[in-house]
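A short write-up of the structure that comes next.
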Amino acid sequence: MNLILFGAPGAGKGTQALELAKSYQIPHISTGDMFRQAMAKHTPMGEEAAKYINKGHLVPDDVTIGIVKERLSNSDCQNGFILDGFPRTIFQAESLEILLQELNKKLDYVIQIDVAQDALIQRLTGRRMCKRCGASYHIIHRPSKVEGICDECGSELYIRKDDNLESVQVRLETYLLQTKPLIEYYQKKGCLVTVDGNQDIKKVFADIQCKLGDKK
Ligand code: AP5
Ligand code: MG
Ligand code: ZN
């Protein structure tokens, strides 16, 4: 199954993608995670991306499309993939379409996780992330069992540099201007399914599974 998880910053893309990847045994491909890994290693691409990410702006399309192209060509994507945080512009969506044609793959579903704006700010400013496995926690909605430690892998949790109120506001504006138009784009293609992301994490996951099941 070839999937895109789509939604505003904080909608729960990463949270749901981890569960879907386990359940369907397909790789979770998050452009945000790939950039953060490159930033942690201080690679030239990571240093370039950091200039945009920490302030909440989008990384230029050519850089982003390049890393997705390389990743989707990997043999572990043979039985499917879950894209999280890509595409984020119409240009990226058009480039993905060409890339999938080249790779002889077809997009099955774009799953939109729809969440109210005020909840997004609260989710992002209370988030804690695992340094190693990328699991997301929340100080109120999903606290880890031991404070500051990941339940999944025992690594330390940290606060993302772009989860401060100022960057969050820029990210939400960027989403509205550059990314939200993709809803109509994928609606027209007939592959968009929408779930109510305001519900608790398990219910959102059950709804996604139900939508995917419906369409099989
Ligand atoms: P990226 O890492 O993709 O960030 P994002 O899109 O801003 O989304 P988030 O990761 O913040 O949110 P999420 O939807 O994954 O939510 P999560 O599951 O963690 O991108 C970061 C940056 O990289 C971008 O700003 C840009 O600069 C750059 N970038 C990435 N891709 C790019 C691209 N294609 N083009 C250009 N630039 C790109 O959940 C959030 C919180 O809510 C957590 O605390 C979680 O525990 C909690 N939570 C989740 N679900 C629920 C629920 N149902 N109820 C209550 N709480 C919940
Ligand atoms: Mg994420
Ligand atoms: Zn972890």
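Labels used: A, B, ... for chains in the order of the structure tokens, numbers from 1 for residues in each chain, and numbers from 1 for ligands as shown.
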
Distance limit 7 Å, reference ligand 1, atoms considered: only C-alpha atoms and all ligand atoms. Which residues make the cut? Give them as a compact mmCIF listing (two decimals) with C-alpha atoms, in the first residue's frame.
```txt
# COMPACT_ATOMS: atom_id res chain seq x y z
CA GLY A 7 -2.15 17.17 7.84
CA ALA A 8 -1.13 20.40 9.53
CA PRO A 9 1.86 20.53 11.88
CA GLY A 10 0.83 18.64 15.02
CA ALA A 11 -2.07 16.82 13.36
CA GLY A 12 -0.61 13.46 14.42
CA LYS A 13 1.05 12.32 11.17
CA GLY A 14 4.14 10.93 12.89
CA THR A 15 2.13 9.28 15.67
CA GLN A 16 -0.18 7.48 13.25
CA SER A 30 9.22 11.38 7.17
CA THR A 31 11.03 14.21 5.40
CA GLY A 32 11.12 16.10 8.72
CA ASP A 33 12.84 13.14 10.44
CA PHE A 35 16.20 16.51 7.83
CA TYR A 52 14.74 26.96 7.27
CA ILE A 53 13.43 24.36 9.72
CA GLY A 56 9.37 27.13 10.63
CA HIS A 57 9.91 27.74 6.91
CA LEU A 58 9.87 25.05 4.22
CA VAL A 59 13.15 23.64 2.96
CA PRO A 60 13.54 24.44 -0.79
CA ASP A 61 11.72 22.00 -3.09
CA THR A 64 13.35 17.92 -0.47
CA ASP A 84 4.74 11.73 6.22
CA GLY A 85 5.20 15.46 5.62
CA PHE A 86 5.71 15.11 1.86
CA PRO A 87 4.45 16.54 -0.45
CA ARG A 88 3.90 19.98 1.05
CA ARG A 123 -0.10 19.67 20.86
CA LEU A 124 3.10 21.13 19.42
CA GLY A 126 3.60 20.20 24.74
CA ARG A 127 5.35 17.63 22.55
CA ARG A 128 8.38 15.59 23.59
CA SER A 136 6.14 11.47 19.84
CA TYR A 137 4.87 12.06 23.37
CA HIS A 138 2.83 14.84 24.91
CA HIS A 141 -2.20 13.76 26.05
CA ARG A 142 0.48 11.07 25.87
CA ARG A 171 4.59 26.66 10.48
CA GLY A 197 -7.95 13.84 14.11
CA ASN A 198 -9.52 15.58 17.13
CA GLN A 199 -10.30 12.21 18.69
CA ASP A 200 -7.90 10.25 20.88
CA ILE A 201 -4.89 8.57 19.25
CA VAL A 204 -7.88 8.05 14.98
```

- Query: Residues at most 9 Å from Leu182 of chain A, counting only C-alpha atoms, excluding those fewer than 4 positions away in the same chain, as a ChimeraX atom specification?
  - Reply: /A:87-90,93,178,186-187

Keeping N, CA and C atoms for every residue in the selection just given, could you write it to a file as an mmCIF file, in the first residue's frame?
```cif
data_model
loop_
_atom_site.group_PDB
_atom_site.id
_atom_site.type_symbol
_atom_site.label_atom_id
_atom_site.label_comp_id
_atom_site.auth_asym_id
_atom_site.auth_seq_id
_atom_site.Cartn_x
_atom_site.Cartn_y
_atom_site.Cartn_z
ATOM 1 N N PRO A 87 4.062 15.204 0.017
ATOM 2 C CA PRO A 87 4.448 16.538 -0.449
ATOM 3 C C PRO A 87 3.801 17.648 0.390
ATOM 4 N N ARG A 88 4.381 18.820 0.286
ATOM 5 C CA ARG A 88 3.904 19.976 1.052
ATOM 6 C C ARG A 88 3.655 21.182 0.170
ATOM 7 N N THR A 89 3.936 21.057 -1.109
ATOM 8 C CA THR A 89 3.637 22.125 -2.073
ATOM 9 C C THR A 89 3.070 21.435 -3.322
ATOM 10 N N ILE A 90 2.357 22.219 -4.138
ATOM 11 C CA ILE A 90 1.822 21.650 -5.385
ATOM 12 C C ILE A 90 2.986 21.148 -6.244
ATOM 13 N N ALA A 93 4.013 17.821 -5.135
ATOM 14 C CA ALA A 93 3.016 16.790 -5.493
ATOM 15 C C ALA A 93 3.165 16.401 -6.962
ATOM 16 N N GLN A 178 0.803 27.209 1.723
ATOM 17 C CA GLN A 178 1.494 26.387 0.719
ATOM 18 C C GLN A 178 1.036 24.936 0.667
ATOM 19 N N TYR A 186 -5.636 16.617 -4.288
ATOM 20 C CA TYR A 186 -5.834 15.165 -4.174
ATOM 21 C C TYR A 186 -7.308 14.771 -4.198
ATOM 22 N N GLN A 187 -8.172 15.706 -3.803
ATOM 23 C CA GLN A 187 -9.612 15.435 -3.935
ATOM 24 C C GLN A 187 -9.940 15.203 -5.406
#
```

- Query: Leaving out Thr194 of chain A and any residue of its chain fewer than 5 positions from it, which residues lie within 9 Å of it when counting only C-alpha atoms, given as a ChimeraX atom specification?
  - Reply: /A:110-114,208,211

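Considering only C-alpha atoms and all ligand atoms, the residue among A:Arg160, A:Lys188, A:Pro27, A:Thr174 positioned nearest to ligand 2 is A:Arg160.
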
- Task: Record the distance separating atom CA of Pro181 of chain A and atom CA of Leu96 of chain A, expressed in Å with one decimal.
- Result: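 Atom CA of Leu96 of chain A lies at a distance of 15.7 Å from atom CA of Pro181 of chain A.
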
- Could you pull out the strand (DSSP E) residues of chain A from DSSP and send them as a PyMOL selection string? chain A and resi 2-6+28-30+81-84+109-114+127-130+136-138+157-158+192-196

- Show me which residues sit within 9 Å of ligand 3 when counting only C-alpha atoms and all ligand atoms, and put them as a ChimeraX atom specification. /A:129-136,149-157

Export of the given selection (N, CA, C and O atoms) as a short mmCIF file (atom, residue, chain, number, x, y, z; two decimals), in the first residue's frame:
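Once written, part.cif looks like this:
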```
data_model
loop_
_atom_site.label_atom_id
_atom_site.label_comp_id
_atom_site.auth_asym_id
_atom_site.auth_seq_id
_atom_site.Cartn_x
_atom_site.Cartn_y
_atom_site.Cartn_z
N MET A 129 9.88 14.53 21.98
CA MET A 129 10.22 13.55 20.93
C MET A 129 11.37 12.66 21.38
O MET A 129 12.27 13.11 22.08
N CYS A 130 11.35 11.41 20.88
CA CYS A 130 12.46 10.51 21.19
C CYS A 130 13.63 10.80 20.25
O CYS A 130 13.44 10.93 19.04
N LYS A 131 14.83 10.88 20.83
CA LYS A 131 16.03 11.16 20.04
C LYS A 131 16.36 10.03 19.09
O LYS A 131 16.90 10.23 18.02
N ARG A 132 16.05 8.80 19.51
CA ARG A 132 16.47 7.67 18.69
C ARG A 132 15.39 7.18 17.72
O ARG A 132 15.62 7.10 16.52
N CYS A 133 14.18 6.85 18.23
CA CYS A 133 13.21 6.19 17.34
C CYS A 133 12.16 7.13 16.78
O CYS A 133 11.33 6.72 15.96
N GLY A 134 12.16 8.40 17.20
CA GLY A 134 11.23 9.37 16.61
C GLY A 134 9.82 9.32 17.19
O GLY A 134 8.94 10.05 16.72
N ALA A 135 9.59 8.50 18.22
CA ALA A 135 8.24 8.44 18.82
C ALA A 135 7.90 9.81 19.43
O ALA A 135 8.77 10.51 19.94
N SER A 136 6.62 10.17 19.33
CA SER A 136 6.14 11.47 19.84
C SER A 136 5.37 11.27 21.13
O SER A 136 4.49 10.41 21.18
N ILE A 149 11.88 9.84 29.25
CA ILE A 149 12.43 8.60 28.65
C ILE A 149 11.39 7.95 27.73
O ILE A 149 10.22 7.83 28.09
N CYS A 150 11.86 7.51 26.55
CA CYS A 150 10.95 6.89 25.57
C CYS A 150 10.49 5.50 26.03
O CYS A 150 11.33 4.67 26.41
N ASP A 151 9.18 5.25 25.98
CA ASP A 151 8.64 3.93 26.35
C ASP A 151 9.12 2.85 25.40
O ASP A 151 9.31 1.70 25.79
N GLU A 152 9.27 3.22 24.12
CA GLU A 152 9.58 2.24 23.07
C GLU A 152 11.02 1.75 23.14
O GLU A 152 11.29 0.57 23.00
N CYS A 153 11.96 2.72 23.31
CA CYS A 153 13.38 2.32 23.16
C CYS A 153 14.27 2.78 24.33
O CYS A 153 15.47 2.52 24.30
N GLY A 154 13.70 3.46 25.30
CA GLY A 154 14.49 3.84 26.49
C GLY A 154 15.41 5.03 26.29
O GLY A 154 16.20 5.37 27.19
N SER A 155 15.34 5.69 25.11
CA SER A 155 16.22 6.85 24.89
C SER A 155 15.62 8.12 25.49
O SER A 155 14.46 8.15 25.88
N GLU A 156 16.48 9.15 25.49
CA GLU A 156 16.07 10.43 26.08
C GLU A 156 15.07 11.16 25.18
O GLU A 156 15.16 11.08 23.95
N LEU A 157 14.15 11.88 25.79
CA LEU A 157 13.21 12.69 25.01
C LEU A 157 13.73 14.13 24.95
O LEU A 157 14.45 14.57 25.84
#
```

- Quick one: DSSP alpha helix (DSSP H) residues in segment 81-198 of chain A, as a PyMOL selection string? chain A and resi 90-102+117-125+165-174+181-189

Go ahead and write the selection's residues with N, CA and C atoms as a tab-separated table (two decimals), in the first residue's frame.
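Result saved to again07.tsv:
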```tsv
chain	number	residue	atom	x	y	z
A	90	ILE	N	2.36	22.22	-4.14
A	90	ILE	CA	1.82	21.65	-5.39
A	90	ILE	C	2.99	21.15	-6.24
A	91	PHE	N	4.07	21.90	-6.27
A	91	PHE	CA	5.22	21.49	-7.08
A	91	PHE	C	5.76	20.13	-6.61
A	92	GLN	N	5.82	19.94	-5.29
A	92	GLN	CA	6.29	18.64	-4.76
A	92	GLN	C	5.31	17.52	-5.16
A	93	ALA	N	4.01	17.82	-5.14
A	93	ALA	CA	3.02	16.79	-5.49
A	93	ALA	C	3.16	16.40	-6.96
A	94	GLU	N	3.38	17.40	-7.81
A	94	GLU	CA	3.54	17.10	-9.24
A	94	GLU	C	4.83	16.31	-9.47
A	95	SER	N	5.87	16.68	-8.75
A	95	SER	CA	7.15	15.96	-8.89
A	95	SER	C	7.01	14.53	-8.41
A	96	LEU	N	6.23	14.33	-7.34
A	96	LEU	CA	6.02	12.97	-6.83
A	96	LEU	C	5.29	12.12	-7.87
A	97	GLU	N	4.34	12.72	-8.53
A	97	GLU	CA	3.58	11.98	-9.54
A	97	GLU	C	4.52	11.47	-10.64
A	98	ILE	N	5.41	12.34	-11.08
A	98	ILE	CA	6.38	11.95	-12.13
A	98	ILE	C	7.31	10.86	-11.60
A	99	LEU	N	7.77	11.06	-10.36
A	99	LEU	CA	8.69	10.10	-9.76
A	99	LEU	C	8.04	8.71	-9.64
A	100	LEU	N	6.78	8.69	-9.20
A	100	LEU	CA	6.10	7.39	-9.04
A	100	LEU	C	5.90	6.71	-10.39
A	101	GLN	N	5.64	7.51	-11.41
A	101	GLN	CA	5.52	6.94	-12.76
A	101	GLN	C	6.84	6.29	-13.17
A	102	GLU	N	7.93	7.02	-12.91
A	102	GLU	CA	9.27	6.49	-13.26
A	102	GLU	C	9.54	5.18	-12.53
A	117	GLN	N	-7.44	24.11	14.73
A	117	GLN	CA	-6.23	24.94	14.85
A	117	GLN	C	-5.74	25.14	16.30
A	118	ASP	N	-6.66	25.41	17.24
A	118	ASP	CA	-6.20	25.68	18.61
A	118	ASP	C	-5.59	24.43	19.25
A	119	ALA	N	-6.10	23.26	18.88
A	119	ALA	CA	-5.54	22.00	19.41
A	119	ALA	C	-4.12	21.80	18.88
A	120	LEU	N	-3.86	22.23	17.65
A	120	LEU	CA	-2.54	22.03	17.05
A	120	LEU	C	-1.46	22.75	17.86
A	121	ILE	N	-1.75	23.98	18.24
A	121	ILE	CA	-0.77	24.78	19.00
A	121	ILE	C	-0.48	24.10	20.33
A	122	GLN	N	-1.53	23.64	20.98
A	122	GLN	CA	-1.35	22.98	22.28
A	122	GLN	C	-0.55	21.68	22.14
A	123	ARG	N	-0.82	20.94	21.07
A	123	ARG	CA	-0.10	19.67	20.86
A	123	ARG	C	1.39	19.91	20.63
A	124	LEU	N	1.69	20.92	19.79
A	124	LEU	CA	3.10	21.13	19.42
A	124	LEU	C	3.92	21.69	20.58
A	125	THR	N	3.31	22.60	21.34
A	125	THR	CA	4.09	23.22	22.42
A	125	THR	C	4.24	22.27	23.63
A	165	LEU	N	6.54	28.68	20.38
A	165	LEU	CA	5.32	29.33	19.89
A	165	LEU	C	5.56	30.12	18.60
A	166	GLU	N	6.69	30.84	18.54
A	166	GLU	CA	6.97	31.68	17.36
A	166	GLU	C	7.10	30.83	16.09
A	167	SER	N	7.89	29.76	16.15
A	167	SER	CA	8.06	28.89	14.97
A	167	SER	C	6.77	28.15	14.64
A	168	VAL	N	6.03	27.77	15.68
A	168	VAL	CA	4.77	27.05	15.45
A	168	VAL	C	3.82	27.93	14.65
A	169	GLN	N	3.78	29.23	15.01
A	169	GLN	CA	2.87	30.12	14.28
A	169	GLN	C	3.28	30.24	12.81
A	170	VAL	N	4.58	30.34	12.55
A	170	VAL	CA	5.06	30.40	11.17
A	170	VAL	C	4.71	29.10	10.44
A	171	ARG	N	4.90	27.95	11.11
A	171	ARG	CA	4.59	26.66	10.48
A	171	ARG	C	3.12	26.54	10.11
A	172	LEU	N	2.26	27.02	11.01
A	172	LEU	CA	0.83	26.93	10.72
A	172	LEU	C	0.45	27.86	9.55
A	173	GLU	N	1.06	29.04	9.50
A	173	GLU	CA	0.79	29.96	8.37
A	173	GLU	C	1.29	29.35	7.07
A	174	THR	N	2.49	28.77	7.13
A	174	THR	CA	3.07	28.14	5.94
A	174	THR	C	2.16	27.00	5.45
A	181	PRO	N	-3.61	23.81	-0.01
A	181	PRO	CA	-4.16	23.64	-1.36
A	181	PRO	C	-4.05	22.21	-1.91
A	182	LEU	N	-3.19	21.39	-1.30
A	182	LEU	CA	-3.06	20.00	-1.78
A	182	LEU	C	-4.32	19.17	-1.49
A	183	ILE	N	-5.14	19.62	-0.55
A	183	ILE	CA	-6.38	18.87	-0.25
A	183	ILE	C	-7.23	18.83	-1.52
A	184	GLU	N	-7.40	20.00	-2.12
A	184	GLU	CA	-8.20	20.06	-3.34
A	184	GLU	C	-7.52	19.28	-4.48
A	185	TYR	N	-6.20	19.40	-4.53
A	185	TYR	CA	-5.42	18.71	-5.57
A	185	TYR	C	-5.70	17.19	-5.51
A	186	TYR	N	-5.64	16.62	-4.29
A	186	TYR	CA	-5.83	15.17	-4.17
A	186	TYR	C	-7.31	14.77	-4.20
A	187	GLN	N	-8.17	15.71	-3.80
A	187	GLN	CA	-9.61	15.43	-3.94
A	187	GLN	C	-9.94	15.20	-5.41
A	188	LYS	N	-9.40	16.07	-6.25
A	188	LYS	CA	-9.66	15.97	-7.70
A	188	LYS	C	-9.11	14.67	-8.26
A	189	LYS	N	-8.02	14.19	-7.67
A	189	LYS	CA	-7.43	12.92	-8.15
A	189	LYS	C	-8.23	11.72	-7.65
```

- Task: Kindly indicate which residue among A:Lys202, A:Arg36, A:Lys105, A:Lys51 lies nearest to Glu19 of chain A, using only C-alpha atoms for the distances.
- Result: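 The closest residue to Glu19 of chain A is A:Lys202.
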
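If only C-alpha atoms and all ligand atoms are the atoms counted, then among A:Asn79, A:Gly190, A:Gln25, A:Leu18 the closest residue to ligand 2 is A:Leu18.
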
- Query: For Leu5 of chain A, which residue among A:Glu48, A:Glu147, A:Asp108, A:Glu70 is the nearest when counting only C-alpha atoms?
  - Reply: A:Asp108
